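Student: One structure follows; several queries about it will come next.
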Amino acid sequence: MIVLIDYGAGNTASIANVLDDLNCEYVISQTEKDVCNSDKIIFPGVGEAQFAVKKLHMLNLFNLLRLLKKPMLGICLGMQLMCEKSKEGNVAGLGIFSLGTEKFDETIVKVPHMGWNHVKHDGASKLFEGIKNNEYFYFANSYFVPVNEFTTSFSNYQTDFSSSMEKENFYGVQFHPEKSGPAGIQLIKNFVELC
């Protein structure tokens, strides 16, 4: 069973709709018990980092998520919160990825980065199985994670940045697969079935 973590993120219902279309067994939950009993976790994210971290602490999920040994997919803010720190509110994240987020330079590009953008990958990640290189995905982000050793795909907006990252059982995507049409649905399906 999949647990879709409910901590007040704005895209939870959209992800649930995709899971419904894929006939996946899932629950929307904010309890430690459901997270511990799940097979996989989807960690959504639309909102502000400081609020999200505070909410995770209130729900007693912050430390639990850091220690998981089962597959977890962080989406947008969810991926950023998997990092050590965020410049948005200068908050500490889960520390799964030992790096931090940066903010796009508003003097160079329009912030937030919103809309469709190419995602370049080499096909090595299970998340991108059946998804062509340079496919379009939908983004809505003011902050980004620089390209690093955990990067499995990248996009460009002012600079190259991580579109997705992986480390052991942890997967993150900066874009919104739930808003990215067939390619996004395929990526969620890949997480559910392959990862």
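Ordered as shown in the structure tokens, chains take letters A, B, and onward, while each chain numbers its residues from 1 and ligands are numbered from 1 in the order shown.
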Report as a PyMOL selection string all protein, DNA and RNA residues lying within 12 Å of A:Gln30, evaluated on only C-alpha atoms, omitting residues in the same chain fewer than 2 positions from it.
Tutor: chain A and resi 3-9+12+27-28+32-36+41-43+55-62+64-65
Student: For the residues in the current selection, export N, CA and C atoms as a PDB file, in the first residue's frame.
Tutor:
ATOM      1  N   VAL A   3       1.336   5.280   0.910  1.00  0.00           N
ATOM      2  CA  VAL A   3       0.847   6.378   1.745  1.00  0.00           C
ATOM      3  C   VAL A   3       1.206   7.689   1.060  1.00  0.00           C
ATOM      4  N   LEU A   4       0.207   8.494   0.826  1.00  0.00           N
ATOM      5  CA  LEU A   4       0.373   9.851   0.317  1.00  0.00           C
ATOM      6  C   LEU A   4       0.317  10.759   1.535  1.00  0.00           C
ATOM      7  N   ILE A   5       1.440  11.352   1.895  1.00  0.00           N
ATOM      8  CA  ILE A   5       1.524  12.103   3.148  1.00  0.00           C
ATOM      9  C   ILE A   5       0.735  13.400   3.053  1.00  0.00           C
ATOM     10  N   ASP A   6      -0.131  13.600   4.027  1.00  0.00           N
ATOM     11  CA  ASP A   6      -0.970  14.793   4.098  1.00  0.00           C
ATOM     12  C   ASP A   6      -0.443  15.717   5.186  1.00  0.00           C
ATOM     13  N   TYR A   7       0.318  16.720   4.773  1.00  0.00           N
ATOM     14  CA  TYR A   7       0.796  17.705   5.747  1.00  0.00           C
ATOM     15  C   TYR A   7       0.381  19.120   5.333  1.00  0.00           C
ATOM     16  N   GLY A   8      -0.617  19.179   4.456  1.00  0.00           N
ATOM     17  CA  GLY A   8      -1.136  20.473   4.025  1.00  0.00           C
ATOM     18  C   GLY A   8      -0.609  20.937   2.681  1.00  0.00           C
ATOM     19  N   ALA A   9       0.085  20.076   1.942  1.00  0.00           N
ATOM     20  CA  ALA A   9       0.596  20.456   0.629  1.00  0.00           C
ATOM     21  C   ALA A   9      -0.546  20.597  -0.374  1.00  0.00           C
ATOM     22  N   THR A  12      -1.761  17.430  -3.110  1.00  0.00           N
ATOM     23  CA  THR A  12      -2.108  16.084  -2.651  1.00  0.00           C
ATOM     24  C   THR A  12      -3.268  15.485  -3.447  1.00  0.00           C
ATOM     25  N   VAL A  27      -3.556   5.340   0.695  1.00  0.00           N
ATOM     26  CA  VAL A  27      -4.297   6.135   1.672  1.00  0.00           C
ATOM     27  C   VAL A  27      -3.629   7.500   1.759  1.00  0.00           C
ATOM     28  N   ILE A  28      -4.434   8.510   2.015  1.00  0.00           N
ATOM     29  CA  ILE A  28      -3.918   9.839   2.331  1.00  0.00           C
ATOM     30  C   ILE A  28      -3.876   9.915   3.849  1.00  0.00           C
ATOM     31  N   GLU A  32       1.966   8.320  11.883  1.00  0.00           N
ATOM     32  CA  GLU A  32       3.172   7.493  11.919  1.00  0.00           C
ATOM     33  C   GLU A  32       2.833   6.030  11.607  1.00  0.00           C
ATOM     34  N   LYS A  33       1.708   5.565  12.134  1.00  0.00           N
ATOM     35  CA  LYS A  33       1.310   4.166  11.949  1.00  0.00           C
ATOM     36  C   LYS A  33       1.162   3.821  10.471  1.00  0.00           C
ATOM     37  N   ASP A  34       0.449   4.677   9.723  1.00  0.00           N
ATOM     38  CA  ASP A  34       0.256   4.400   8.295  1.00  0.00           C
ATOM     39  C   ASP A  34       1.577   4.450   7.534  1.00  0.00           C
ATOM     40  N   VAL A  35       2.428   5.402   7.866  1.00  0.00           N
ATOM     41  CA  VAL A  35       3.730   5.493   7.201  1.00  0.00           C
ATOM     42  C   VAL A  35       4.542   4.221   7.464  1.00  0.00           C
ATOM     43  N   CYS A  36       4.542   3.765   8.704  1.00  0.00           N
ATOM     44  CA  CYS A  36       5.302   2.561   9.066  1.00  0.00           C
ATOM     45  C   CYS A  36       4.738   1.310   8.404  1.00  0.00           C
ATOM     46  N   ILE A  41       6.008   5.463  -0.094  1.00  0.00           N
ATOM     47  CA  ILE A  41       5.526   6.755   0.386  1.00  0.00           C
ATOM     48  C   ILE A  41       5.685   7.783  -0.715  1.00  0.00           C
ATOM     49  N   ILE A  42       4.662   8.600  -0.903  1.00  0.00           N
ATOM     50  CA  ILE A  42       4.765   9.768  -1.779  1.00  0.00           C
ATOM     51  C   ILE A  42       4.674  11.004  -0.889  1.00  0.00           C
ATOM     52  N   PHE A  43       5.682  11.853  -1.015  1.00  0.00           N
ATOM     53  CA  PHE A  43       5.852  13.043  -0.182  1.00  0.00           C
ATOM     54  C   PHE A  43       5.634  14.263  -1.081  1.00  0.00           C
ATOM     55  N   LYS A  55       5.112  21.655  10.256  1.00  0.00           N
ATOM     56  CA  LYS A  55       3.990  20.713  10.251  1.00  0.00           C
ATOM     57  C   LYS A  55       4.480  19.272  10.403  1.00  0.00           C
ATOM     58  N   LEU A  56       5.562  18.924   9.725  1.00  0.00           N
ATOM     59  CA  LEU A  56       6.111  17.567   9.835  1.00  0.00           C
ATOM     60  C   LEU A  56       6.562  17.271  11.265  1.00  0.00           C
ATOM     61  N   HIS A  57       7.139  18.265  11.926  1.00  0.00           N
ATOM     62  CA  HIS A  57       7.518  18.092  13.334  1.00  0.00           C
ATOM     63  C   HIS A  57       6.277  17.889  14.208  1.00  0.00           C
ATOM     64  N   MET A  58       5.250  18.678  13.966  1.00  0.00           N
ATOM     65  CA  MET A  58       4.014  18.575  14.749  1.00  0.00           C
ATOM     66  C   MET A  58       3.382  17.194  14.604  1.00  0.00           C
ATOM     67  N   LEU A  59       3.509  16.600  13.423  1.00  0.00           N
ATOM     68  CA  LEU A  59       2.916  15.288  13.152  1.00  0.00           C
ATOM     69  C   LEU A  59       3.843  14.129  13.551  1.00  0.00           C
ATOM     70  N   ASN A  60       5.013  14.456  14.101  1.00  0.00           N
ATOM     71  CA  ASN A  60       6.009  13.443  14.466  1.00  0.00           C
ATOM     72  C   ASN A  60       6.483  12.619  13.266  1.00  0.00           C
ATOM     73  N   LEU A  61       6.510  13.256  12.109  1.00  0.00           N
ATOM     74  CA  LEU A  61       6.936  12.553  10.890  1.00  0.00           C
ATOM     75  C   LEU A  61       8.346  12.928  10.452  1.00  0.00           C
ATOM     76  N   PHE A  62       8.867  14.028  10.951  1.00  0.00           N
ATOM     77  CA  PHE A  62      10.150  14.547  10.462  1.00  0.00           C
ATOM     78  C   PHE A  62      11.258  13.505  10.604  1.00  0.00           C
ATOM     79  N   LEU A  64      10.990  10.328  11.403  1.00  0.00           N
ATOM     80  CA  LEU A  64      10.587   9.049  10.815  1.00  0.00           C
ATOM     81  C   LEU A  64      10.925   8.998   9.325  1.00  0.00           C
ATOM     82  N   LEU A  65      10.594  10.047   8.598  1.00  0.00           N
ATOM     83  CA  LEU A  65      10.847  10.073   7.155  1.00  0.00           C
ATOM     84  C   LEU A  65      12.336   9.966   6.848  1.00  0.00           C
TER      85      LEU A  65
END
Student: Just the strand (DSSP E) stuff from stretch 19-142 of chain A, please, per backbone DSSP, written as number ranges by chain.
Tutor: A: 26-29, 40-43, 72-75, 83-86, 91-92, 97-100, 102-103, 113-121, 135-141
Student: When you count only C-alpha atoms, which of these residues is closest to A:Lys110: A:Asn134, A:Ser142, A:Ser98, A:Asn169?
Tutor: A:Ser142
Student: Within 12 Å of A:Tyr171, counting only C-alpha atoms, which residues qualify if same-chain residues fewer than 2 places away don't, as an NGL selection string?
Tutor: :A and (40-44 or 70-76 or 78-83 or 96-97 or 125-128 or 150-153 or 162-169 or 173-174 or 187-188 or 190-192 or 195)
Student: Could you jot down the atom CA of A:Glu84 to atom CA of A:Gly47 separation for me, Å, one decimal place?
Tutor: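 Calculated distance between atom CA of A:Glu84 and atom CA of A:Gly47 is 17.9 Å.
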Student: Quick one, how far is atom CA of A:Leu67 from atom CA of A:Leu94?
Tutor: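 Atom CA of A:Leu67 sits 9.3 Å away from atom CA of A:Leu94.
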Student: Contacts of A:Ile185 at 12 Å or less, counting only C-alpha atoms, minus same-chain residues fewer than 4 places along, as a VMD selection string?
Tutor: chain A and resid 14 to 22 127 to 131 137 176 to 181 189 to 192
Student: What is the atom CA of A:Tyr26-atom CA of A:Leu194 distance in Å, reported with one decimal?
Tutor: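 Between atom CA of A:Tyr26 and atom CA of A:Leu194 the gap is 16.4 Å.
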Student: Excluding same-chain residues fewer than 4 positions from A:Ala49, what lies within 8 Å of it counting only C-alpha atoms, as a list in words?
Tutor: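 Residues meeting the cut-off are Val53, Leu77, Leu81, Ser86, Glu88, Gly89 and Val91 of chain A.
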Student: Any chance you could export the current selection's C-alpha atoms as a compact mmCIF listing (two decimals), in the first residue's frame?
Tutor:
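What follows is the written file again-v6.txt:
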# COMPACT_ATOMS: atom_id res chain seq x y z
CA VAL A 53 8.93 21.51 8.23
CA LEU A 77 8.91 21.03 -2.28
CA LEU A 81 12.79 19.16 1.93
CA SER A 86 16.55 25.26 2.37
CA GLU A 88 13.48 29.39 1.79
CA GLY A 89 13.07 30.40 5.42
CA VAL A 91 15.20 25.84 7.60
Student: Determine which residues of stretch 62-150 of chain A DSSP labels as helix (DSSP H, G or I) from the backbone of this structure, then write them out as a ChimeraX atom specification.
Tutor: /A:62-66,77-80,126-128
